[in-house]
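Peer 1: PDB, C-alpha atoms, file my_file_6.pdb:
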```pdb
MODEL        1
ATOM      1  CA  MET A   1      79.221  31.045   0.772  1.00  0.00           C
ATOM      2  CA  LEU A   2      79.060  30.585   4.553  1.00  0.00           C
ATOM      3  CA  ARG A   3      76.255  33.131   4.809  1.00  0.00           C
ATOM      4  CA  HIS A   4      74.385  31.360   1.990  1.00  0.00           C
ATOM      5  CA  ALA A   5      74.822  27.968   3.694  1.00  0.00           C
ATOM      6  CA  ARG A   6      73.617  29.391   7.010  1.00  0.00           C
ATOM      7  CA  GLY A   7      70.593  30.889   5.260  1.00  0.00           C
ATOM      8  CA  LEU A   8      69.730  27.545   3.715  1.00  0.00           C
ATOM      9  CA  ALA A   9      70.118  25.799   7.057  1.00  0.00           C
ATOM     10  CA  GLU A  10      67.903  28.334   8.790  1.00  0.00           C
ATOM     11  CA  GLY A  11      65.381  28.002   5.977  1.00  0.00           C
ATOM     12  CA  ASP A  12      65.344  24.231   6.338  1.00  0.00           C
ATOM     13  CA  GLU A  13      64.905  24.536  10.109  1.00  0.00           C
ATOM     14  CA  ALA A  14      62.064  27.032   9.709  1.00  0.00           C
ATOM     15  CA  ALA A  15      60.336  24.736   7.219  1.00  0.00           C
ATOM     16  CA  ALA A  16      60.731  21.778   9.585  1.00  0.00           C
ATOM     17  CA  ILE A  17      59.246  23.826  12.436  1.00  0.00           C
ATOM     18  CA  GLU A  18      56.292  24.827  10.278  1.00  0.00           C
ATOM     19  CA  ARG A  19      55.683  21.178   9.324  1.00  0.00           C
ATOM     20  CA  LEU A  20      55.870  20.111  12.968  1.00  0.00           C
ATOM     21  CA  ILE A  21      53.415  22.764  14.104  1.00  0.00           C
ATOM     22  CA  ALA A  22      51.030  22.069  11.217  1.00  0.00           C
ATOM     23  CA  ALA A  23      51.032  18.336  11.969  1.00  0.00           C
ATOM     24  CA  LEU A  24      50.384  18.799  15.667  1.00  0.00           C
ATOM     25  CA  GLU A  25      47.737  21.443  15.163  1.00  0.00           C
ATOM     26  CA  ALA A  26      46.021  19.044  12.753  1.00  0.00           C
ATOM     27  CA  GLY A  27      45.775  16.548  15.591  1.00  0.00           C
ATOM     28  CA  GLU A  28      48.667  14.225  14.803  1.00  0.00           C
ATOM     29  CA  GLY A  29      50.144  12.847  18.001  1.00  0.00           C
ATOM     30  CA  ALA A  30      48.520  12.517  21.397  1.00  0.00           C
ATOM     31  CA  ASP A  31      50.872  14.704  23.403  1.00  0.00           C
ATOM     32  CA  LEU A  32      52.702  18.012  23.241  1.00  0.00           C
ATOM     33  CA  SER A  33      56.431  17.548  22.926  1.00  0.00           C
ATOM     34  CA  ALA A  34      58.986  20.047  24.179  1.00  0.00           C
ATOM     35  CA  ALA A  35      60.039  20.482  20.553  1.00  0.00           C
ATOM     36  CA  TYR A  36      56.528  21.553  19.597  1.00  0.00           C
ATOM     37  CA  VAL A  37      56.189  24.075  22.425  1.00  0.00           C
ATOM     38  CA  ARG A  38      59.629  25.518  21.730  1.00  0.00           C
ATOM     39  CA  ALA A  39      58.940  25.771  17.992  1.00  0.00           C
ATOM     40  CA  LEU A  40      55.543  27.337  18.555  1.00  0.00           C
ATOM     41  CA  PHE A  41      56.808  30.088  20.817  1.00  0.00           C
ATOM     42  CA  ASP A  42      60.007  30.737  18.894  1.00  0.00           C
ATOM     43  CA  ARG A  43      57.740  31.432  15.928  1.00  0.00           C
ATOM     44  CA  TYR A  44      55.448  33.750  17.876  1.00  0.00           C
ATOM     45  CA  ALA A  45      58.078  35.598  19.942  1.00  0.00           C
ATOM     46  CA  ASP A  46      58.110  38.824  17.913  1.00  0.00           C
ATOM     47  CA  ARG A  47      54.358  39.378  18.080  1.00  0.00           C
ATOM     48  CA  PHE A  48      53.578  37.475  21.262  1.00  0.00           C
ATOM     49  CA  ASP A  49      52.844  40.434  23.548  1.00  0.00           C
ATOM     50  CA  GLN A  50      50.731  42.233  20.964  1.00  0.00           C
ATOM     51  CA  ASP A  51      48.640  39.166  20.147  1.00  0.00           C
ATOM     52  CA  LEU A  52      48.303  37.847  23.682  1.00  0.00           C
ATOM     53  CA  VAL A  53      47.422  41.090  25.420  1.00  0.00           C
ATOM     54  CA  GLY A  54      45.788  42.977  22.566  1.00  0.00           C
ATOM     55  CA  LYS A  55      43.820  40.217  20.827  1.00  0.00           C
ATOM     56  CA  LEU A  56      43.386  37.531  23.475  1.00  0.00           C
ATOM     57  CA  GLY A  57      42.872  39.693  26.554  1.00  0.00           C
ATOM     58  CA  TYR A  58      45.573  37.804  28.451  1.00  0.00           C
ATOM     59  CA  ALA A  59      44.995  38.320  32.176  1.00  0.00           C
ATOM     60  CA  ALA A  60      46.733  35.360  33.880  1.00  0.00           C
ATOM     61  CA  PRO A  61      49.607  37.334  35.501  1.00  0.00           C
ATOM     62  CA  ASP A  62      47.286  39.948  37.001  1.00  0.00           C
ATOM     63  CA  LEU A  63      44.852  37.289  38.221  1.00  0.00           C
ATOM     64  CA  LEU A  64      47.679  35.396  39.895  1.00  0.00           C
ATOM     65  CA  ARG A  65      49.114  38.529  41.495  1.00  0.00           C
ATOM     66  CA  SER A  66      45.702  39.346  42.951  1.00  0.00           C
ATOM     67  CA  ALA A  67      45.410  35.801  44.310  1.00  0.00           C
ATOM     68  CA  VAL A  68      48.910  35.903  45.828  1.00  0.00           C
ATOM     69  CA  ASP A  69      48.152  39.262  47.444  1.00  0.00           C
ATOM     70  CA  ARG A  70      45.078  37.744  49.088  1.00  0.00           C
ATOM     71  CA  VAL A  71      46.933  34.683  50.366  1.00  0.00           C
ATOM     72  CA  MET A  72      50.174  36.517  51.282  1.00  0.00           C
ATOM     73  CA  PRO A  73      49.149  40.123  52.015  1.00  0.00           C
ATOM     74  CA  ALA A  74      52.486  41.079  53.565  1.00  0.00           C
ATOM     75  CA  ALA A  75      54.706  39.364  50.981  1.00  0.00           C
ATOM     76  CA  ALA A  76      57.928  41.175  50.095  1.00  0.00           C
ATOM     77  CA  ALA A  77      61.552  40.489  49.174  1.00  0.00           C
ATOM     78  CA  LEU A  78      60.732  37.015  47.843  1.00  0.00           C
ATOM     79  CA  ARG A  79      62.840  34.671  45.781  1.00  0.00           C
ATOM     80  CA  ILE A  80      60.544  34.080  42.798  1.00  0.00           C
ATOM     81  CA  LEU A  81      60.886  31.650  39.883  1.00  0.00           C
ATOM     82  CA  ASP A  82      58.726  32.465  36.848  1.00  0.00           C
ATOM     83  CA  LEU A  83      58.020  29.125  35.174  1.00  0.00           C
ATOM     84  CA  GLY A  84      57.499  29.379  31.425  1.00  0.00           C
ATOM     85  CA  CYS A  85      58.344  33.062  31.658  1.00  0.00           C
ATOM     86  CA  GLY A  86      57.806  33.789  27.959  1.00  0.00           C
ATOM     87  CA  THR A  87      58.555  37.435  27.186  1.00  0.00           C
ATOM     88  CA  GLY A  88      58.348  38.390  30.854  1.00  0.00           C
ATOM     89  CA  LEU A  89      54.740  39.540  31.242  1.00  0.00           C
ATOM     90  CA  ALA A  90      54.421  37.795  34.610  1.00  0.00           C
ATOM     91  CA  GLY A  91      57.812  39.186  35.564  1.00  0.00           C
ATOM     92  CA  VAL A  92      56.464  42.710  35.166  1.00  0.00           C
ATOM     93  CA  THR A  93      53.577  41.867  37.502  1.00  0.00           C
ATOM     94  CA  PHE A  94      55.588  40.080  40.189  1.00  0.00           C
ATOM     95  CA  LYS A  95      58.801  42.117  40.168  1.00  0.00           C
ATOM     96  CA  PRO A  96      57.593  44.418  43.005  1.00  0.00           C
ATOM     97  CA  LEU A  97      57.422  41.376  45.334  1.00  0.00           C
ATOM     98  CA  ALA A  98      60.873  40.046  44.420  1.00  0.00           C
ATOM     99  CA  ALA A  99      64.266  40.323  45.997  1.00  0.00           C
ATOM    100  CA  HIS A 100      65.464  37.894  43.329  1.00  0.00           C
ATOM    101  CA  LEU A 101      63.460  37.156  40.177  1.00  0.00           C
ATOM    102  CA  ALA A 102      64.424  34.279  37.886  1.00  0.00           C
ATOM    103  CA  GLY A 103      62.731  32.902  34.794  1.00  0.00           C
ATOM    104  CA  VAL A 104      62.888  29.800  32.629  1.00  0.00           C
ATOM    105  CA  ASP A 105      61.290  28.993  29.276  1.00  0.00           C
ATOM    106  CA  LEU A 106      61.703  26.374  26.559  1.00  0.00           C
ATOM    107  CA  SER A 107      61.891  29.019  23.824  1.00  0.00           C
ATOM    108  CA  PRO A 108      65.251  30.784  23.364  1.00  0.00           C
ATOM    109  CA  ARG A 109      63.616  33.642  21.475  1.00  0.00           C
ATOM    110  CA  MET A 110      61.080  34.211  24.226  1.00  0.00           C
ATOM    111  CA  VAL A 111      63.838  34.256  26.831  1.00  0.00           C
ATOM    112  CA  GLU A 112      65.703  36.841  24.775  1.00  0.00           C
ATOM    113  CA  LYS A 113      62.573  39.028  24.747  1.00  0.00           C
ATOM    114  CA  ALA A 114      62.325  38.643  28.523  1.00  0.00           C
ATOM    115  CA  ARG A 115      65.986  39.578  28.894  1.00  0.00           C
ATOM    116  CA  GLN A 116      65.347  42.847  27.083  1.00  0.00           C
ATOM    117  CA  ARG A 117      62.953  43.904  29.859  1.00  0.00           C
ATOM    118  CA  MET A 118      65.882  43.932  32.326  1.00  0.00           C
ATOM    119  CA  LEU A 119      63.655  42.625  35.124  1.00  0.00           C
ATOM    120  CA  TYR A 120      65.227  39.269  35.896  1.00  0.00           C
ATOM    121  CA  GLU A 121      68.375  38.591  37.851  1.00  0.00           C
ATOM    122  CA  GLU A 122      68.542  35.171  36.196  1.00  0.00           C
ATOM    123  CA  LEU A 123      67.116  33.694  32.974  1.00  0.00           C
ATOM    124  CA  SER A 124      67.590  30.283  31.408  1.00  0.00           C
ATOM    125  CA  VAL A 125      66.330  28.195  28.509  1.00  0.00           C
ATOM    126  CA  GLY A 126      64.979  24.812  29.531  1.00  0.00           C
ATOM    127  CA  ASP A 127      62.284  22.603  30.998  1.00  0.00           C
ATOM    128  CA  VAL A 128      60.369  23.928  34.013  1.00  0.00           C
ATOM    129  CA  VAL A 129      60.563  20.676  35.996  1.00  0.00           C
ATOM    130  CA  GLU A 130      64.317  20.447  35.476  1.00  0.00           C
ATOM    131  CA  ALA A 131      64.697  24.093  36.493  1.00  0.00           C
ATOM    132  CA  MET A 132      62.871  23.475  39.767  1.00  0.00           C
ATOM    133  CA  GLU A 133      64.889  20.353  40.496  1.00  0.00           C
ATOM    134  CA  ARG A 134      68.159  22.296  40.210  1.00  0.00           C
ATOM    135  CA  THR A 135      67.391  24.394  43.292  1.00  0.00           C
ATOM    136  CA  PRO A 136      65.951  22.364  46.190  1.00  0.00           C
ATOM    137  CA  SER A 137      64.336  24.652  48.787  1.00  0.00           C
ATOM    138  CA  GLY A 138      65.531  27.597  46.725  1.00  0.00           C
ATOM    139  CA  TRP A 139      62.333  29.604  46.185  1.00  0.00           C
ATOM    140  CA  ASP A 140      59.636  31.362  48.183  1.00  0.00           C
ATOM    141  CA  LEU A 141      57.197  31.610  45.269  1.00  0.00           C
ATOM    142  CA  LEU A 142      56.763  29.727  42.002  1.00  0.00           C
ATOM    143  CA  VAL A 143      54.564  31.332  39.328  1.00  0.00           C
ATOM    144  CA  ALA A 144      53.183  29.524  36.263  1.00  0.00           C
ATOM    145  CA  ALA A 145      50.912  31.840  34.281  1.00  0.00           C
ATOM    146  CA  ASP A 146      49.173  29.988  31.432  1.00  0.00           C
ATOM    147  CA  VAL A 147      51.975  27.405  31.314  1.00  0.00           C
ATOM    148  CA  LEU A 148      50.479  24.177  32.657  1.00  0.00           C
ATOM    149  CA  VAL A 149      48.112  24.119  29.676  1.00  0.00           C
ATOM    150  CA  TYR A 150      51.045  22.620  27.745  1.00  0.00           C
ATOM    151  CA  ILE A 151      51.526  19.797  30.267  1.00  0.00           C
ATOM    152  CA  GLY A 152      49.024  16.988  30.703  1.00  0.00           C
ATOM    153  CA  ASP A 153      50.080  14.962  33.733  1.00  0.00           C
ATOM    154  CA  LEU A 154      50.904  17.468  36.486  1.00  0.00           C
ATOM    155  CA  ALA A 155      52.300  14.980  39.018  1.00  0.00           C
ATOM    156  CA  ALA A 156      55.942  15.703  38.142  1.00  0.00           C
ATOM    157  CA  VAL A 157      55.298  19.450  38.212  1.00  0.00           C
ATOM    158  CA  PHE A 158      53.787  19.417  41.699  1.00  0.00           C
ATOM    159  CA  ALA A 159      56.458  17.044  43.009  1.00  0.00           C
ATOM    160  CA  ALA A 160      59.258  19.244  41.684  1.00  0.00           C
ATOM    161  CA  ALA A 161      57.539  22.370  43.014  1.00  0.00           C
ATOM    162  CA  ALA A 162      57.326  20.871  46.495  1.00  0.00           C
ATOM    163  CA  ARG A 163      61.059  20.170  46.461  1.00  0.00           C
ATOM    164  CA  ALA A 164      61.956  23.579  45.027  1.00  0.00           C
ATOM    165  CA  LEU A 165      60.058  25.640  47.610  1.00  0.00           C
ATOM    166  CA  VAL A 166      61.113  26.508  51.114  1.00  0.00           C
ATOM    167  CA  PRO A 167      58.770  25.231  53.846  1.00  0.00           C
ATOM    168  CA  GLY A 168      55.793  27.555  53.784  1.00  0.00           C
ATOM    169  CA  GLY A 169      56.567  28.577  50.196  1.00  0.00           C
ATOM    170  CA  HIS A 170      53.808  28.978  47.619  1.00  0.00           C
ATOM    171  CA  PHE A 171      53.062  27.825  44.074  1.00  0.00           C
ATOM    172  CA  ALA A 172      50.623  29.984  42.082  1.00  0.00           C
ATOM    173  CA  ALA A 173      49.393  28.916  38.657  1.00  0.00           C
ATOM    174  CA  THR A 174      46.545  28.850  36.171  1.00  0.00           C
ATOM    175  CA  VAL A 175      45.154  25.954  34.167  1.00  0.00           C
ATOM    176  CA  GLU A 176      42.318  25.655  31.694  1.00  0.00           C
ATOM    177  CA  ARG A 177      39.343  24.065  33.431  1.00  0.00           C
ATOM    178  CA  LEU A 178      37.817  20.804  32.232  1.00  0.00           C
ATOM    179  CA  ALA A 179      34.103  21.450  32.496  1.00  0.00           C
ATOM    180  CA  ASP A 180      33.033  17.823  32.855  1.00  0.00           C
ATOM    181  CA  GLU A 181      34.326  16.669  36.254  1.00  0.00           C
ATOM    182  CA  ALA A 182      32.807  13.245  35.569  1.00  0.00           C
ATOM    183  CA  ALA A 183      34.956  12.741  32.456  1.00  0.00           C
ATOM    184  CA  VAL A 184      36.969   9.529  32.312  1.00  0.00           C
ATOM    185  CA  ASP A 185      40.225  11.397  31.790  1.00  0.00           C
ATOM    186  CA  PRO A 186      41.349  13.990  34.382  1.00  0.00           C
ATOM    187  CA  PHE A 187      42.976  16.081  31.658  1.00  0.00           C
ATOM    188  CA  VAL A 188      42.160  16.403  27.973  1.00  0.00           C
ATOM    189  CA  LEU A 189      44.168  17.759  25.030  1.00  0.00           C
ATOM    190  CA  GLY A 190      41.784  19.985  23.102  1.00  0.00           C
ATOM    191  CA  ALA A 191      41.598  21.098  19.493  1.00  0.00           C
ATOM    192  CA  THR A 192      43.655  24.193  20.363  1.00  0.00           C
ATOM    193  CA  ARG A 193      46.541  21.875  21.411  1.00  0.00           C
ATOM    194  CA  ARG A 194      46.203  22.980  25.029  1.00  0.00           C
ATOM    195  CA  TYR A 195      45.273  20.798  27.980  1.00  0.00           C
ATOM    196  CA  ALA A 196      42.232  21.314  30.184  1.00  0.00           C
ATOM    197  CA  HIS A 197      42.405  19.860  33.702  1.00  0.00           C
ATOM    198  CA  ALA A 198      39.637  18.798  36.052  1.00  0.00           C
ATOM    199  CA  GLU A 199      39.557  20.708  39.341  1.00  0.00           C
ATOM    200  CA  GLY A 200      39.362  17.480  41.310  1.00  0.00           C
ATOM    201  CA  TYR A 201      42.507  16.233  39.589  1.00  0.00           C
ATOM    202  CA  VAL A 202      44.415  19.418  40.390  1.00  0.00           C
ATOM    203  CA  ARG A 203      43.368  19.236  44.036  1.00  0.00           C
ATOM    204  CA  GLU A 204      44.290  15.551  44.333  1.00  0.00           C
ATOM    205  CA  THR A 205      47.655  15.916  42.598  1.00  0.00           C
ATOM    206  CA  ALA A 206      48.619  18.923  44.705  1.00  0.00           C
ATOM    207  CA  GLY A 207      47.670  17.080  47.866  1.00  0.00           C
ATOM    208  CA  MET A 208      49.684  14.004  46.912  1.00  0.00           C
ATOM    209  CA  ALA A 209      52.754  16.239  46.581  1.00  0.00           C
ATOM    210  CA  GLY A 210      52.230  17.548  50.107  1.00  0.00           C
ATOM    211  CA  PHE A 211      50.628  20.889  49.299  1.00  0.00           C
ATOM    212  CA  THR A 212      47.883  22.642  51.215  1.00  0.00           C
ATOM    213  CA  ILE A 213      45.437  24.467  48.961  1.00  0.00           C
ATOM    214  CA  ARG A 214      45.182  28.059  50.096  1.00  0.00           C
ATOM    215  CA  LEU A 215      43.029  29.312  47.219  1.00  0.00           C
ATOM    216  CA  MET A 216      41.416  27.758  44.167  1.00  0.00           C
ATOM    217  CA  GLU A 217      38.780  29.473  42.055  1.00  0.00           C
ATOM    218  CA  PRO A 218      37.482  29.790  38.481  1.00  0.00           C
ATOM    219  CA  CYS A 219      39.028  32.483  36.301  1.00  0.00           C
ATOM    220  CA  THR A 220      39.243  33.671  32.699  1.00  0.00           C
ATOM    221  CA  PRO A 221      42.941  33.758  31.808  1.00  0.00           C
ATOM    222  CA  ARG A 222      42.397  34.689  28.141  1.00  0.00           C
ATOM    223  CA  ARG A 223      39.919  34.691  25.262  1.00  0.00           C
ATOM    224  CA  GLU A 224      39.817  32.355  22.271  1.00  0.00           C
ATOM    225  CA  LYS A 225      38.099  33.702  19.139  1.00  0.00           C
ATOM    226  CA  GLY A 226      36.426  36.297  21.320  1.00  0.00           C
ATOM    227  CA  VAL A 227      35.051  33.725  23.781  1.00  0.00           C
ATOM    228  CA  PRO A 228      36.270  33.644  27.417  1.00  0.00           C
ATOM    229  CA  VAL A 229      38.371  30.554  28.123  1.00  0.00           C
ATOM    230  CA  PRO A 230      37.239  28.743  31.296  1.00  0.00           C
ATOM    231  CA  GLY A 231      40.184  28.622  33.638  1.00  0.00           C
ATOM    232  CA  LEU A 232      41.143  27.747  37.173  1.00  0.00           C
ATOM    233  CA  LEU A 233      43.731  29.495  39.317  1.00  0.00           C
ATOM    234  CA  PHE A 234      45.273  28.152  42.486  1.00  0.00           C
ATOM    235  CA  VAL A 235      47.719  29.108  45.190  1.00  0.00           C
ATOM    236  CA  VAL A 236      49.077  26.153  47.171  1.00  0.00           C
ATOM    237  CA  GLU A 237      51.482  26.115  50.099  1.00  0.00           C
ATOM    238  CA  ARG A 238      54.274  23.694  50.871  1.00  0.00           C
ATOM    239  CA  ALA A 239      53.686  22.311  54.332  1.00  0.00           C
ATOM    240  CA  ALA A 240      56.357  22.838  56.977  1.00  0.00           C
ATOM    241  CA  PRO A 241      58.227  19.644  57.899  1.00  0.00           C
TER     242      PRO A 241
ENDMDL
END
```
Could you spell out this file's structure in structure tokens?
Peer 2:
Amino acid sequence: MLRHARGLAEGDEAAAIERLIAALEAGEGADLSAAYVRALFDRYADRFDQDLVGKLGYAAPDLLRSAVDRVMPAAAALRILDLGCGTGLAGVTFKPLAAHLAGVDLSPRMVEKARQRMLYEELSVGDVVEAMERTPSGWDLLVAADVLVYIGDLAAVFAAAARALVPGGHFAATVERLADEAAVDPFVLGATRRYAHAEGYVRETAGMAGFTIRLMEPCTPRREKGVPVPGLLFVVERAAP
């Protein structure tokens, strides 16, 4: 009876998740809630790596590692926090630079997949801003590979990153690039339920949080229906006090 009740409960939850995702993907609601992102990636956890790397040509971790190597050519033994770590693809790429590698993601199932890689000294389920705020001046490098596309206003992200990094620490991330820099809105939620950000907005928001931009350039983090997605990668540095 207990097993049957649990099965019904899980079935109800799965149905609710499917309804939530269907509604949001149909354009209902102006923002992406944490519940949506968690539901989406819990659903995709089992086939995430295969779809993302095999079908979508996911390259964000490698692009970010190349950028970090250019900005910090002698980097080693870093304390690294992988924001929105997913199944740990960025962890694989950045592990050689880490003395301590931690990850955080909204999706419990994704975190469990990352745990199975046995790369991380620390993994947690939760919000990336809250994770950064728990450890002031605790990290040398923050990595957000294809994560900020689920966040519109980046002010809280940059502010938390500045507090979480040691002086001289770096934040490396990708966003999807808003092609029209003259658009009224500095970030736009597209039909794919992912945000695109204007380069000028990213530069301004990083600067307001006290960051120096060390590198910012166009990139192609993934494909969508066979078409390269226009992206932007950046590496910014927390100024010394």
Peer 1: Pick out the residues sitting within 9 Å of Glu176 of chain A, and hand them over as a list in words; count all atoms listed in the file, and ignore anything fewer than 3 positions along from it in its own chain.
Peer 2: Asp146, Leu148, Val149, Arg194, Tyr195, Ala196, His197, Ala198, Cys219, Thr220, Pro221, Val229, Pro230, Gly231, Leu232 and Leu233 of chain A
Peer 1: Please identify all polymer residues within 9 Å of Val92 of chain A, counting only C-alpha atoms, omitting same-chain residues fewer than 3 positions from it, and present them as number ranges by chain.
Peer 2: A: 61, 88-89, 95-96, 117, 119
Peer 1: With C-alpha atoms retained, export the selected residues as a PDB file, in the coordinates of the input.
Peer 2:
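Heads up, here's the output in out_10.pdb:
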```
ATOM      1  CA  PRO A  61      49.607  37.334  35.501  1.00  0.00           C
ATOM      2  CA  GLY A  88      58.348  38.390  30.854  1.00  0.00           C
ATOM      3  CA  LEU A  89      54.740  39.540  31.242  1.00  0.00           C
ATOM      4  CA  LYS A  95      58.801  42.117  40.168  1.00  0.00           C
ATOM      5  CA  PRO A  96      57.593  44.418  43.005  1.00  0.00           C
ATOM      6  CA  ARG A 117      62.953  43.904  29.859  1.00  0.00           C
ATOM      7  CA  LEU A 119      63.655  42.625  35.124  1.00  0.00           C
TER       8      LEU A 119
END
```
Peer 1: Translate the PyMOL selection byres ((chain A and resi 132) around 12) into a concrete residue list for this structure, as number ranges by chain.
Peer 2: A: 80-84, 102-105, 124, 126-131, 133-144, 156-166, 171
Peer 1: For Ala75 of chain A, list every protein, DNA or RNA residue within 10 Å, evaluated using only C-alpha atoms, and leave out those in the same chain fewer than 3 positions away; present the list as a list in words.
Peer 2: Val68, Asp69, Arg70, Val71, Met72, Leu78, Pro96, Leu97, Ala98, Asp140 and Leu141 of chain A
Peer 1: Give me the result of the PyMOL selection byres ((chain A and resi 152) around 7) on this file, residue by residue, as a list of chain:residue names.
Peer 2: A:Tyr150, A:Ile151, A:Asp153, A:Leu154, A:Phe187, A:Tyr195
Peer 1: Using all atoms listed in the file for the distances, tell me which of A:Met208, A:Met216, A:Cys85, A:Ala155 is nearest to Pro186 of chain A.
Peer 2: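 Comparing A:Met208, A:Met216, A:Cys85, A:Ala155 against Pro186 of chain A, the winner is A:Ala155.
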Peer 1: What's the separation between atom CA of Tyr58 of chain A and atom CA of Ile213 of chain A, in Å to one decimal place?
Peer 2: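 Result for atom CA of Tyr58 of chain A versus atom CA of Ile213 of chain A: 24.5 Å, one decimal.
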Peer 1: Box along x, y and z, 6 Å on every side, all listed atoms of segment 187-195 of chain A inside: centre and edge lengths in Å to one decimal, as lines of an AutoDock Vina configuration file.
Peer 2:
```
center_x = 44.1
center_y = 20.1
center_z = 25.6
size_x = 16.9
size_y = 20.1
size_z = 24.2
```
Peer 1: Find the distance between atom CA of Ala90 of chain A and atom CA of Ala60 of chain A and write it in Å to one decimal.
Peer 2: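 Here the two named atoms are 8.1 Å from each other.
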Peer 1: Would you mind reading off the distance between atom CA of Arg222 of chain A and atom CA of Thr174 of chain A, one decimal, in Å?
Peer 2: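 Taking atom CA of Arg222 of chain A and atom CA of Thr174 of chain A, their separation equals 10.8 Å.
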Peer 1: Do you know which residues lie at most 8 Å from (48.3, 23.2, 51.1), with coordinates as in the file and all atoms listed in the file counted, and could you write them as a compact mmCIF listing (two decimals) with C-alpha atoms, keeping the file's coordinate frame?
Peer 2:
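And here's point_34.txt as it stands now:
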```txt
# COMPACT_ATOMS: atom_id res chain seq x y z
CA ALA A 206 48.62 18.92 44.70
CA GLY A 207 47.67 17.08 47.87
CA GLY A 210 52.23 17.55 50.11
CA PHE A 211 50.63 20.89 49.30
CA THR A 212 47.88 22.64 51.22
CA ILE A 213 45.44 24.47 48.96
CA ARG A 214 45.18 28.06 50.10
CA VAL A 236 49.08 26.15 47.17
CA GLU A 237 51.48 26.12 50.10
CA ARG A 238 54.27 23.69 50.87
CA ALA A 239 53.69 22.31 54.33
```
Peer 1: Taking into account only C-alpha atoms, which residue in the set A:Ala240, A:Ala76, A:Leu106, A:Ala59 is nearest to Pro167 of chain A?
Peer 2: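 Among the listed residues, A:Ala240 lies closest to Pro167 of chain A.
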